[in-house]
file final35.txt (compact mmCIF, C-alpha atoms)
# COMPACT_ATOMS: atom_id res chain seq x y z
CA MET A 1 -30.84 7.28 -77.10
CA LYS A 2 -28.99 6.87 -73.82
CA ILE A 3 -30.67 8.07 -70.74
CA LEU A 4 -28.31 10.13 -68.63
CA ARG A 5 -28.35 9.17 -64.97
CA ALA A 6 -27.53 11.56 -62.24
CA ASN A 7 -24.18 10.94 -60.53
CA LYS A 8 -24.62 9.13 -57.24
CA PRO A 9 -23.11 10.94 -54.26
CA GLN A 10 -20.04 9.07 -52.96
CA ALA A 11 -20.44 7.75 -49.43
CA ALA A 12 -16.83 7.66 -48.26
CA ILE A 13 -15.80 7.61 -44.62
CA PRO A 14 -13.43 10.47 -43.86
CA LEU A 15 -10.11 8.84 -42.97
CA CYS A 16 -8.13 11.94 -42.16
CA SER A 17 -8.18 11.35 -38.42
CA THR A 18 -7.53 7.59 -38.53
CA ALA A 19 -3.84 8.05 -37.84
CA ASP A 20 -4.61 10.29 -34.86
CA ILE A 21 -7.01 7.74 -33.42
CA ALA A 22 -4.53 4.91 -33.94
CA PHE A 23 -1.83 6.92 -32.20
CA LEU A 24 -4.09 7.73 -29.25
CA LEU A 25 -5.10 4.08 -28.93
CA LEU A 26 -1.44 3.08 -28.92
CA ILE A 27 -0.65 5.51 -26.10
CA PHE A 28 -3.75 4.38 -24.21
CA PHE A 29 -2.77 0.71 -24.28
CA ILE A 30 0.85 1.45 -23.40
CA VAL A 31 -0.26 3.41 -20.34
CA LEU A 32 -2.84 0.80 -19.43
CA SER A 33 -0.38 -2.10 -19.63
CA LYS A 34 2.01 -0.21 -17.37
CA ASN A 35 -0.70 0.22 -14.77
CA ALA A 36 -2.17 -3.24 -15.03
CA ASN A 37 0.35 -4.69 -12.58
CA GLU A 38 -0.99 -3.46 -9.27
CA SER A 39 -4.06 -1.40 -9.97
CA ALA A 40 -6.36 -4.40 -9.84
CA VAL A 41 -5.32 -5.40 -6.32
CA GLU A 42 -7.77 -4.23 -3.67
CA TRP A 43 -6.17 -3.07 -0.45
CA THR A 44 -6.68 -0.22 2.00
CA PRO A 45 -3.59 1.07 3.78
CA ALA A 46 -3.44 1.28 7.56
CA VAL A 47 -3.49 4.77 9.05
CA SER A 48 -0.36 6.11 10.70
CA VAL A 49 0.24 9.11 12.95
CA ARG A 50 3.87 9.27 11.87
CA GLN A 51 5.49 11.62 9.40
CA LEU A 52 5.37 9.67 6.15
CA MET A 53 8.10 9.79 3.52
CA GLU A 54 7.89 9.41 -0.23
CA SER A 55 9.09 6.02 -1.38
CA GLU A 56 11.75 6.23 -4.03
CA GLY A 57 13.78 3.63 -5.82
CA SER A 58 11.98 0.49 -4.76
CA VAL A 59 12.81 -2.85 -6.34
CA VAL A 60 10.02 -5.06 -5.10
CA SER A 61 6.46 -4.32 -4.11
CA VAL A 62 4.67 -6.86 -1.91
CA ILE A 63 0.90 -6.46 -1.57
CA ILE A 64 -1.42 -8.39 0.72
CA ASP A 65 -4.98 -7.66 -0.32
CA LYS A 66 -8.23 -7.78 1.65
CA ASP A 67 -8.62 -11.50 0.93
CA ASN A 68 -5.11 -12.26 2.23
CA ASN A 69 -3.75 -12.90 -1.27
CA LEU A 70 -0.08 -12.15 -1.85
CA PHE A 71 1.24 -10.23 -4.85
CA VAL A 72 4.87 -9.59 -5.75
CA ASN A 73 5.25 -6.75 -8.25
CA GLY A 74 1.63 -7.25 -9.24
CA HIS A 75 1.85 -11.00 -9.81
CA GLN A 76 -0.01 -13.27 -7.43
CA THR A 77 2.15 -15.70 -5.53
CA SER A 78 1.82 -18.23 -2.73
CA PRO A 79 3.28 -17.58 0.74
CA ASN A 80 5.77 -20.41 0.15
CA ASP A 81 7.13 -18.79 -3.01
CA LEU A 82 7.32 -15.27 -1.60
CA LYS A 83 10.97 -15.48 -0.59
CA PHE A 84 12.05 -16.97 -3.90
CA ASN A 85 10.14 -14.37 -5.92
CA MET A 86 11.53 -11.47 -3.91
CA GLN A 87 15.05 -12.84 -4.20
CA SER A 88 14.74 -13.12 -7.95
CA TYR A 89 13.89 -9.41 -8.16
CA LEU A 90 16.47 -8.29 -5.57
CA GLY A 91 19.33 -10.35 -7.01
CA ASP A 92 22.75 -9.33 -5.70
CA ARG A 93 21.93 -5.72 -5.02
CA PRO A 94 23.91 -4.24 -2.14
CA PRO A 95 22.24 -3.31 1.18
CA GLY A 96 20.52 0.04 0.90
CA LYS A 97 19.40 -0.70 -2.62
CA ARG A 98 17.10 -3.56 -1.69
CA LYS A 99 14.00 -1.57 -0.84
CA VAL A 100 10.84 -3.65 -0.54
CA LEU A 101 7.51 -1.82 -0.38
CA LEU A 102 5.02 -3.61 1.86
CA LYS A 103 1.38 -2.77 1.18
CA VAL A 104 -0.95 -4.58 3.53
CA HIS A 105 -4.70 -4.20 3.76
CA LYS A 106 -5.53 -2.81 7.21
CA ASP A 107 -7.60 -5.81 8.33
CA VAL A 108 -5.17 -8.59 7.38
CA PRO A 109 -4.38 -10.82 10.40
CA GLU A 110 -0.93 -11.12 11.95
CA ARG A 111 -0.29 -14.69 10.84
CA ILE A 112 -0.29 -13.47 7.22
CA TYR A 113 1.63 -10.19 7.30
CA MET A 114 4.16 -11.26 9.92
CA GLN A 115 5.29 -14.17 7.75
CA ALA A 116 5.77 -11.74 4.86
CA ILE A 117 7.74 -9.34 7.09
CA PHE A 118 10.02 -12.15 8.24
CA ASP A 119 10.51 -13.32 4.67
CA ILE A 120 11.52 -9.78 3.68
CA GLY A 121 13.99 -9.79 6.54
CA GLU A 122 15.41 -13.15 5.51
CA VAL A 123 16.10 -12.06 1.93
CA GLY A 124 17.81 -8.94 3.26
CA GLY A 125 15.18 -6.51 2.01
CA ASP A 126 14.94 -2.96 3.32
CA LEU A 127 11.34 -2.92 4.50
CA PHE A 128 9.27 0.17 3.73
CA ARG A 129 5.66 0.09 4.96
CA ILE A 130 3.15 1.99 2.84
CA LEU A 131 0.63 3.75 5.08
CA ASP A 132 -2.00 6.46 4.95
CA PRO A 133 -1.58 9.67 6.92
CA GLU A 134 -4.07 10.13 9.75
CA LYS A 135 -6.83 12.53 8.81
CA GLN A 136 -7.22 15.67 10.90
CA LYS A 137 -10.26 15.46 13.17
CA MET H 138 -55.65 34.89 -39.24
CA ALA H 139 -52.61 33.07 -37.87
CA ILE H 140 -49.37 34.93 -38.39
CA PRO H 141 -46.69 32.58 -39.67
CA ARG H 142 -43.58 32.72 -37.48
CA LYS H 143 -40.09 32.25 -38.64
CA ALA H 144 -38.70 28.85 -37.81
CA LYS H 145 -36.08 29.22 -35.04
CA SER H 146 -32.65 27.97 -35.96
CA PRO H 147 -31.63 25.25 -33.47
CA VAL H 148 -28.88 26.32 -31.03
CA GLU H 149 -26.68 23.28 -30.40
CA ILE H 150 -23.25 22.84 -28.96
CA PRO H 151 -21.06 20.96 -31.43
CA LEU H 152 -20.43 17.59 -29.80
CA THR H 153 -18.30 16.03 -32.52
CA SER H 154 -15.07 16.25 -30.58
CA THR H 155 -16.48 15.31 -27.16
CA SER H 156 -15.30 11.73 -27.42
CA ASP H 157 -11.80 12.89 -28.37
CA VAL H 158 -11.65 15.18 -25.37
CA ALA H 159 -12.95 12.46 -23.06
CA PHE H 160 -10.34 10.04 -24.36
CA LEU H 161 -7.53 12.53 -23.87
CA LEU H 162 -8.73 13.23 -20.32
CA LEU H 163 -8.80 9.50 -19.62
CA ILE H 164 -5.17 9.12 -20.73
CA PHE H 165 -4.18 12.19 -18.76
CA PHE H 166 -5.61 10.82 -15.51
CA LEU H 167 -4.12 7.37 -16.11
CA VAL H 168 -0.67 8.91 -16.51
CA ALA H 169 -1.18 11.21 -13.53
CA ALA H 170 -2.28 8.30 -11.33
CA SER H 171 0.73 6.19 -12.30
CA ASN H 172 3.04 9.03 -11.27
CA MET H 173 1.63 9.23 -7.75
CA SER H 174 4.28 7.90 -5.43
CA ASP H 175 3.52 5.80 -2.36
CA ARG H 176 4.16 7.18 1.08
CA GLY H 177 5.11 5.27 4.18
CA VAL H 178 7.77 4.58 6.80
CA ALA H 179 10.76 2.28 6.90
CA LEU H 180 11.01 -0.47 9.49
CA ASP H 181 14.41 -1.83 10.52
CA LEU H 182 14.17 -5.55 10.96
CA PRO H 183 16.40 -7.40 13.39
CA GLN H 184 19.05 -9.38 11.52
CA THR H 185 19.08 -12.53 13.66
CA ASN H 186 17.02 -14.11 16.37
CA LYS H 187 20.08 -14.95 18.47
CA GLN H 188 20.72 -11.40 19.57
CA GLN H 189 17.09 -10.97 20.50
CA ASP H 190 17.05 -14.05 22.70
CA LYS H 191 20.13 -12.89 24.59
CA LYS H 192 18.62 -9.53 25.44
CA GLU H 193 15.06 -10.66 25.84
CA SER H 194 15.04 -10.50 29.60
CA GLN H 195 16.39 -6.93 29.65
CA ASN H 196 14.27 -5.41 26.90
CA VAL H 197 10.85 -3.87 27.07
CA GLU H 198 8.19 -6.38 26.10
CA ILE H 199 4.75 -5.75 24.66
CA VAL H 200 2.18 -8.44 24.02
CA LEU H 201 -0.58 -7.47 21.66
CA THR H 202 -3.93 -9.16 21.17
CA ASN H 203 -7.13 -7.89 19.63
CA GLU H 204 -8.57 -7.41 23.12
CA GLN H 205 -5.73 -5.82 25.03
CA ILE H 206 -2.15 -4.63 25.14
CA THR H 207 0.18 -5.96 27.82
CA PHE H 208 3.19 -3.82 28.65
CA MET H 209 5.80 -5.58 30.79
CA ASP H 210 3.24 -8.19 31.86
CA LYS H 211 0.63 -5.59 32.84
CA PRO H 212 -2.42 -4.59 30.81
CA ILE H 213 -2.23 -1.01 29.60
CA ASP H 214 -4.57 1.40 27.84
CA PRO H 215 -3.51 1.96 24.21
CA SER H 216 -3.52 5.74 24.72
CA GLN H 217 -0.96 5.39 27.53
CA LEU H 218 1.38 3.03 25.71
CA ARG H 219 3.65 5.64 24.13
CA ASP H 220 4.17 7.48 27.42
CA ALA H 221 4.87 4.21 29.23
CA ILE H 222 7.55 3.25 26.69
CA THR H 223 9.06 6.76 26.81
CA THR H 224 9.27 6.58 30.60
CA LYS H 225 10.77 3.10 30.49
CA LEU H 226 13.42 4.09 27.95
CA SER H 227 14.28 7.45 29.49
CA GLY H 228 17.98 7.62 30.21
CA VAL H 229 18.74 4.58 28.04
CA LYS H 230 21.23 5.60 25.38
CA GLU H 231 22.61 2.31 24.13
CA PRO H 232 20.66 1.38 20.95
CA GLY H 233 20.67 -2.30 21.87
CA MET H 234 18.85 -1.54 25.08
CA ARG H 235 16.16 0.46 23.30
CA VAL H 236 14.84 -2.63 21.55
CA VAL H 237 11.16 -3.20 22.29
CA ILE H 238 9.99 -6.74 21.69
CA LEU H 239 6.51 -6.92 20.24
CA SER H 240 4.62 -10.21 20.27
CA ALA H 241 1.22 -10.30 18.64
CA SER H 242 -1.52 -12.88 18.51
CA PRO H 243 -2.26 -14.40 15.08
CA ASN H 244 -5.50 -12.48 14.65
CA VAL H 245 -4.24 -8.97 15.36
CA THR H 246 -5.06 -6.75 12.41
CA TYR H 247 -2.32 -4.95 10.53
CA GLU H 248 -3.69 -1.53 11.46
CA ARG H 249 -3.64 -2.30 15.19
CA TRP H 250 -0.15 -3.78 14.98
CA SER H 251 1.03 -0.85 12.89
CA LYS H 252 -0.19 1.67 15.46
CA VAL H 253 1.75 -0.07 18.23
CA ILE H 254 4.87 -0.06 16.03
CA ASP H 255 4.31 3.69 15.53
CA ASP H 256 4.02 4.21 19.30
CA ILE H 257 7.25 2.32 19.90
CA GLU H 258 9.16 4.33 17.31
CA LEU H 259 7.71 7.67 18.41
CA ALA H 260 8.74 6.82 21.98
CA GLY H 261 12.30 6.32 20.79
CA GLY H 262 12.27 2.54 20.88
CA ILE H 263 13.47 0.11 18.24
CA PRO H 264 10.63 -2.30 17.47
CA ALA H 265 11.52 -5.96 17.19
CA PRO H 266 8.45 -7.89 16.03
CA GLN H 267 8.43 -11.49 17.14
CA MET H 268 6.55 -14.35 15.61
CA GLU H 269 5.24 -16.58 18.32
CA GLU H 270 1.98 -17.99 19.56
CA VAL H 271 0.10 -15.53 21.73
CA THR H 272 -3.22 -16.70 23.07
CA GLU H 273 -6.16 -14.38 22.75
CA VAL H 274 -7.46 -13.16 26.10
CA LYS H 275 -11.22 -12.98 26.44
CA GLY H 276 -12.69 -9.83 27.92
CA ASN H 277 -11.38 -6.29 27.75
CA GLU H 278 -9.36 -5.54 30.84
CA GLY H 279 -7.31 -2.39 30.62
CA GLY H 280 -7.18 -2.48 26.85
CA GLY H 281 -9.65 -1.82 24.12
CA GLY H 282 -9.46 -1.05 20.46
CA GLN H 283 -6.94 1.47 19.32
call {"tool": "encode", "arguments": {"input": "final35.txt", "output": "C-alpha cells"}}
result
Amino acid sequence: MKILRANKPQAAIPLCSTADIAFLLLIFFIVLSKNANESAVEWTPAVSVRQLMESEGSVVSVIIDKDNNLFVNGHQTSPNDLKFNMQSYLGDRPPGKRKVLLKVHKDVPERIYMQAIFDIGEVGGDLFRILDPEKQK
Amino acid sequence: MAIPRKAKSPVEIPLTSTSDVAFLLLIFFLVAASNMSDRGVALDLPQTNKQQDKKESQNVEIVLTNEQITFMDKPIDPSQLRDAITTKLSGVKEPGMRVVILSASPNVTYERWSKVIDDIELAGGIPAPQMEEVTEVKGNEGGGGQ
C-alpha cells in the first residue's frame, strides 16, 4: 500500500513587484548618469555682494576644483586643451549664444583661473561667473 | 497562585515598504538637485589687448596682491576701494574711459580677485583683467585681507 505524503508547501518568491523595481532602477540610473558629469567635482564658489542672476542657456561649463584641476562639461582636461575643448562645444554659435559658465573654487590662485578666463575670451565665449550670494550677518 | 496573563499582541509598524519609500525619496532629491540652476554674474571681457594698451595711461589702474591693493600707485584699504573708484569715475560718461585695469599677482585667490571685480562693477567701472607678472609685496601696508 502506498503511503500518502503530505504536500510540501511551495516556496516561490513573489514576482508581482519585479517590474516596478526594474522600472524604478531604470529611472534611478538614468537620473544618476545625467548627474554624473559635474557632481563629483569638488569646488566652493566665491562669495559675491552683487545681485546674482540665474544662468540660463549655457553651452559650456568650465570648473576649476580645489586641486586646480580643470573640467569642461564635467570631463577633466588639461589647461593646454581648454581652448580646443570649449571651441568644440561652442562651434559656430553666434555671439550672445556662447555662454560659458565659469565655476572656480574660491582658493584657486590667479595663475590658474586667469588663464582660463583669457581662453574663454579668445574663443569668444560669453563669460558668466558662478558665485554664492553673501550671507546676511 | 500566579495568575496567568494574556500574551500581549506585538504592536509593530509595518516596515515592508520602507525601502521603496526611501528609494523614491532618493530619486526625488536627485531630480530636484539636478533642476537647481546656478547663479552668478556675467563679466564682459575685453576683445583685444591693443585697445587696452592705447588707453592704459588714462585708465584707472588697480594692482592686487594677497597682501595689499594698490589704487593708482597708492596702497588703499579694501573697504575704501569702491568709493575711491566711484570718485575717480564721477563725471566720466564715455564707456571707454570707465575701463579699470586690474593686475593681480599669480597667487591671488579667486575670491579676493572676485571681490575687487565686484567693487569695480558696483562703482560703475568696466573691469579689464590683465595677465602680467605682479610681484608680491611683503608686509601689510594699507591693505589687508578682504
call {"tool": "closest_residue", "arguments": {"input": "final35.txt", "among": "H:Gly262, H:Gly233, H:Gly177, H:Gly228", "to": "A:Leu101", "atoms": "all atoms listed in the file"}}
result
H:Gly177
call {"tool": "residues_around", "arguments": {"input": "final35.txt", "residues": "A:Ile63", "least_positions_apart": "2", "cutoff": "9 Å", "atoms": "only C-alpha atoms", "output": "PyMOL selection string"}}
result
chain A and resi 38+41+43+61+65+69-74+101-105
call {"tool": "closest_atom_pairs", "arguments": {"input": "final35.txt", "of": "chain H", "to": "chain A", "cutoff": "9 Å", "atoms": "all atoms listed in the file", "output": "JSON lines"}}
result
{"residue": "H:Asp157", "atom": "CA", "partner": "A:Ile21", "partner_atom": "CA", "distance": 8.7}
{"residue": "H:Phe160", "atom": "CA", "partner": "A:Leu24", "partner_atom": "CA", "distance": 8.3}
{"residue": "H:Leu161", "atom": "CA", "partner": "A:Leu24", "partner_atom": "CA", "distance": 8.0}
{"residue": "H:Leu163", "atom": "CA", "partner": "A:Phe28", "partner_atom": "CA", "distance": 8.5}
{"residue": "H:Ile164", "atom": "CA", "partner": "A:Phe28", "partner_atom": "CA", "distance": 6.0}
{"residue": "H:Leu167", "atom": "CA", "partner": "A:Val31", "partner_atom": "CA", "distance": 7.0}
{"residue": "H:Val168", "atom": "CA", "partner": "A:Val31", "partner_atom": "CA", "distance": 6.7}
{"residue": "H:Ala170", "atom": "CA", "partner": "A:Asn35", "partner_atom": "CA", "distance": 8.9}
{"residue": "H:Ser171", "atom": "CA", "partner": "A:Asn35", "partner_atom": "CA", "distance": 6.6}
{"residue": "H:Ser174", "atom": "CA", "partner": "A:Glu54", "partner_atom": "CA", "distance": 6.5}
{"residue": "H:Asp175", "atom": "CA", "partner": "A:Ser55", "partner_atom": "CA", "distance": 5.7}
{"residue": "H:Arg176", "atom": "CA", "partner": "A:Glu54", "partner_atom": "CA", "distance": 4.5}
{"residue": "H:Gly177", "atom": "CA", "partner": "A:Ile130", "partner_atom": "CA", "distance": 4.0}
{"residue": "H:Val178", "atom": "CA", "partner": "A:Arg129", "partner_atom": "CA", "distance": 5.3}
{"residue": "H:Ala179", "atom": "CA", "partner": "A:Phe128", "partner_atom": "CA", "distance": 4.1}
{"residue": "H:Leu180", "atom": "CA", "partner": "A:Leu127", "partner_atom": "CA", "distance": 5.6}
{"residue": "H:Asp181", "atom": "CA", "partner": "A:Leu127", "partner_atom": "CA", "distance": 6.8}
{"residue": "H:Leu182", "atom": "CA", "partner": "A:Gly121", "partner_atom": "CA", "distance": 6.1}
{"residue": "H:Pro183", "atom": "CA", "partner": "A:Gly121", "partner_atom": "CA", "distance": 7.6}
{"residue": "H:Gln184", "atom": "CA", "partner": "A:Gly121", "partner_atom": "CA", "distance": 7.1}
{"residue": "H:Thr185", "atom": "CA", "partner": "A:Glu122", "partner_atom": "CA", "distance": 9.0}
{"residue": "H:Ala241", "atom": "CA", "partner": "A:Glu110", "partner_atom": "CA", "distance": 7.1}
{"residue": "H:Ser242", "atom": "CA", "partner": "A:Glu110", "partner_atom": "CA", "distance": 6.8}
{"residue": "H:Pro243", "atom": "CA", "partner": "A:Arg111", "partner_atom": "CA", "distance": 4.7}
{"residue": "H:Asn244", "atom": "CA", "partner": "A:Pro109", "partner_atom": "CA", "distance": 4.7}
{"residue": "H:Val245", "atom": "CA", "partner": "A:Glu110", "partner_atom": "CA", "distance": 5.2}
{"residue": "H:Thr246", "atom": "CA", "partner": "A:Pro109", "partner_atom": "CA", "distance": 4.6}
{"residue": "H:Tyr247", "atom": "CA", "partner": "A:Lys106", "partner_atom": "CA", "distance": 5.1}
{"residue": "H:Glu248", "atom": "CA", "partner": "A:Lys106", "partner_atom": "CA", "distance": 4.8}
{"residue": "H:Arg249", "atom": "CA", "partner": "A:Lys106", "partner_atom": "CA", "distance": 8.2}
{"residue": "H:Trp250", "atom": "CA", "partner": "A:Glu110", "partner_atom": "CA", "distance": 8.0}
{"residue": "H:Ser251", "atom": "CA", "partner": "A:Ala46", "partner_atom": "CA", "distance": 7.3}
{"residue": "H:Lys252", "atom": "CA", "partner": "A:Ser48", "partner_atom": "CA", "distance": 6.5}
{"residue": "H:Asp255", "atom": "CA", "partner": "A:Arg50", "partner_atom": "CA", "distance": 6.7}
{"residue": "H:Asp256", "atom": "CA", "partner": "A:Val49", "partner_atom": "CA", "distance": 8.9}
{"residue": "H:Leu259", "atom": "CA", "partner": "A:Arg50", "partner_atom": "CA", "distance": 7.8}
{"residue": "H:Pro266", "atom": "CA", "partner": "A:Met114", "partner_atom": "CA", "distance": 8.2}
{"residue": "H:Gln267", "atom": "CA", "partner": "A:Met114", "partner_atom": "CA", "distance": 8.4}
{"residue": "H:Met268", "atom": "CA", "partner": "A:Met114", "partner_atom": "CA", "distance": 6.9}
call {"tool": "residues_around", "arguments": {"input": "final35.txt", "residues": "H:Val237", "least_positions_apart": "2", "cutoff": "12 Å", "atoms": "all atoms listed in the file", "output": "PDB file with C-alpha atoms, keeping the file's coordinate frame"}}
result
ATOM      1  CA  LEU H 182      14.170  -5.550  10.960  1.00  0.00           C
ATOM      2  CA  PRO H 183      16.400  -7.400  13.390  1.00  0.00           C
ATOM      3  CA  GLN H 189      17.090 -10.970  20.500  1.00  0.00           C
ATOM      4  CA  LYS H 192      18.620  -9.530  25.440  1.00  0.00           C
ATOM      5  CA  GLU H 193      15.060 -10.660  25.840  1.00  0.00           C
ATOM      6  CA  SER H 194      15.040 -10.500  29.600  1.00  0.00           C
ATOM      7  CA  GLN H 195      16.390  -6.930  29.650  1.00  0.00           C
ATOM      8  CA  ASN H 196      14.270  -5.410  26.900  1.00  0.00           C
ATOM      9  CA  VAL H 197      10.850  -3.870  27.070  1.00  0.00           C
ATOM     10  CA  GLU H 198       8.190  -6.380  26.100  1.00  0.00           C
ATOM     11  CA  ILE H 199       4.750  -5.750  24.660  1.00  0.00           C
ATOM     12  CA  VAL H 200       2.180  -8.440  24.020  1.00  0.00           C
ATOM     13  CA  PHE H 208       3.190  -3.820  28.650  1.00  0.00           C
ATOM     14  CA  MET H 209       5.800  -5.580  30.790  1.00  0.00           C
ATOM     15  CA  ARG H 219       3.650   5.640  24.130  1.00  0.00           C
ATOM     16  CA  ALA H 221       4.870   4.210  29.230  1.00  0.00           C
ATOM     17  CA  ILE H 222       7.550   3.250  26.690  1.00  0.00           C
ATOM     18  CA  THR H 223       9.060   6.760  26.810  1.00  0.00           C
ATOM     19  CA  LYS H 225      10.770   3.100  30.490  1.00  0.00           C
ATOM     20  CA  LEU H 226      13.420   4.090  27.950  1.00  0.00           C
ATOM     21  CA  PRO H 232      20.660   1.380  20.950  1.00  0.00           C
ATOM     22  CA  GLY H 233      20.670  -2.300  21.870  1.00  0.00           C
ATOM     23  CA  MET H 234      18.850  -1.540  25.080  1.00  0.00           C
ATOM     24  CA  ARG H 235      16.160   0.460  23.300  1.00  0.00           C
ATOM     25  CA  LEU H 239       6.510  -6.920  20.240  1.00  0.00           C
ATOM     26  CA  SER H 240       4.620 -10.210  20.270  1.00  0.00           C
ATOM     27  CA  VAL H 253       1.750  -0.070  18.230  1.00  0.00           C
ATOM     28  CA  ILE H 254       4.870  -0.060  16.030  1.00  0.00           C
ATOM     29  CA  ASP H 255       4.310   3.690  15.530  1.00  0.00           C
ATOM     30  CA  ASP H 256       4.020   4.210  19.300  1.00  0.00           C
ATOM     31  CA  ILE H 257       7.250   2.320  19.900  1.00  0.00           C
ATOM     32  CA  GLU H 258       9.160   4.330  17.310  1.00  0.00           C
ATOM     33  CA  ALA H 260       8.740   6.820  21.980  1.00  0.00           C
ATOM     34  CA  GLY H 261      12.300   6.320  20.790  1.00  0.00           C
ATOM     35  CA  GLY H 262      12.270   2.540  20.880  1.00  0.00           C
ATOM     36  CA  ILE H 263      13.470   0.110  18.240  1.00  0.00           C
ATOM     37  CA  PRO H 264      10.630  -2.300  17.470  1.00  0.00           C
ATOM     38  CA  ALA H 265      11.520  -5.960  17.190  1.00  0.00           C
ATOM     39  CA  PRO H 266       8.450  -7.890  16.030  1.00  0.00           C
ATOM     40  CA  GLN H 267       8.430 -11.490  17.140  1.00  0.00           C
TER      41      GLN H 267
END
call {"tool": "atom_distance", "arguments": {"input": "final35.txt", "atom1": "atom CA of H:Gln217", "atom2": "atom CA of A:Lys135"}}
result
20.9 Å
call {"tool": "atom_distance", "arguments": {"input": "final35.txt", "atom1": "atom CA of A:Leu15", "atom2": "atom CA of A:Ile30"}}
result
23.6 Å
call {"tool": "closest_residue", "arguments": {"input": "final35.txt", "among": "A:Asn85, A:Thr77, A:Gln10, A:Ser17", "to": "H:Ser154", "atoms": "only C-alpha atoms"}}
result
A:Ser17
call {"tool": "axis_aligned_box", "arguments": {"input": "final35.txt", "around": "stretch 177-183 of chain H", "padding_each_side": "4 Å", "output": "lines of an AutoDock Vina configuration file"}}
result
center_x = 10.8
center_y = -1.1
center_z = 8.8
size_x = 19.3
size_y = 20.7
size_z = 17.2
call {"tool": "atom_distance", "arguments": {"input": "final35.txt", "atom1": "atom CA of A:Ser33", "atom2": "atom CA of A:Asp92"}}
result
28.0 Å
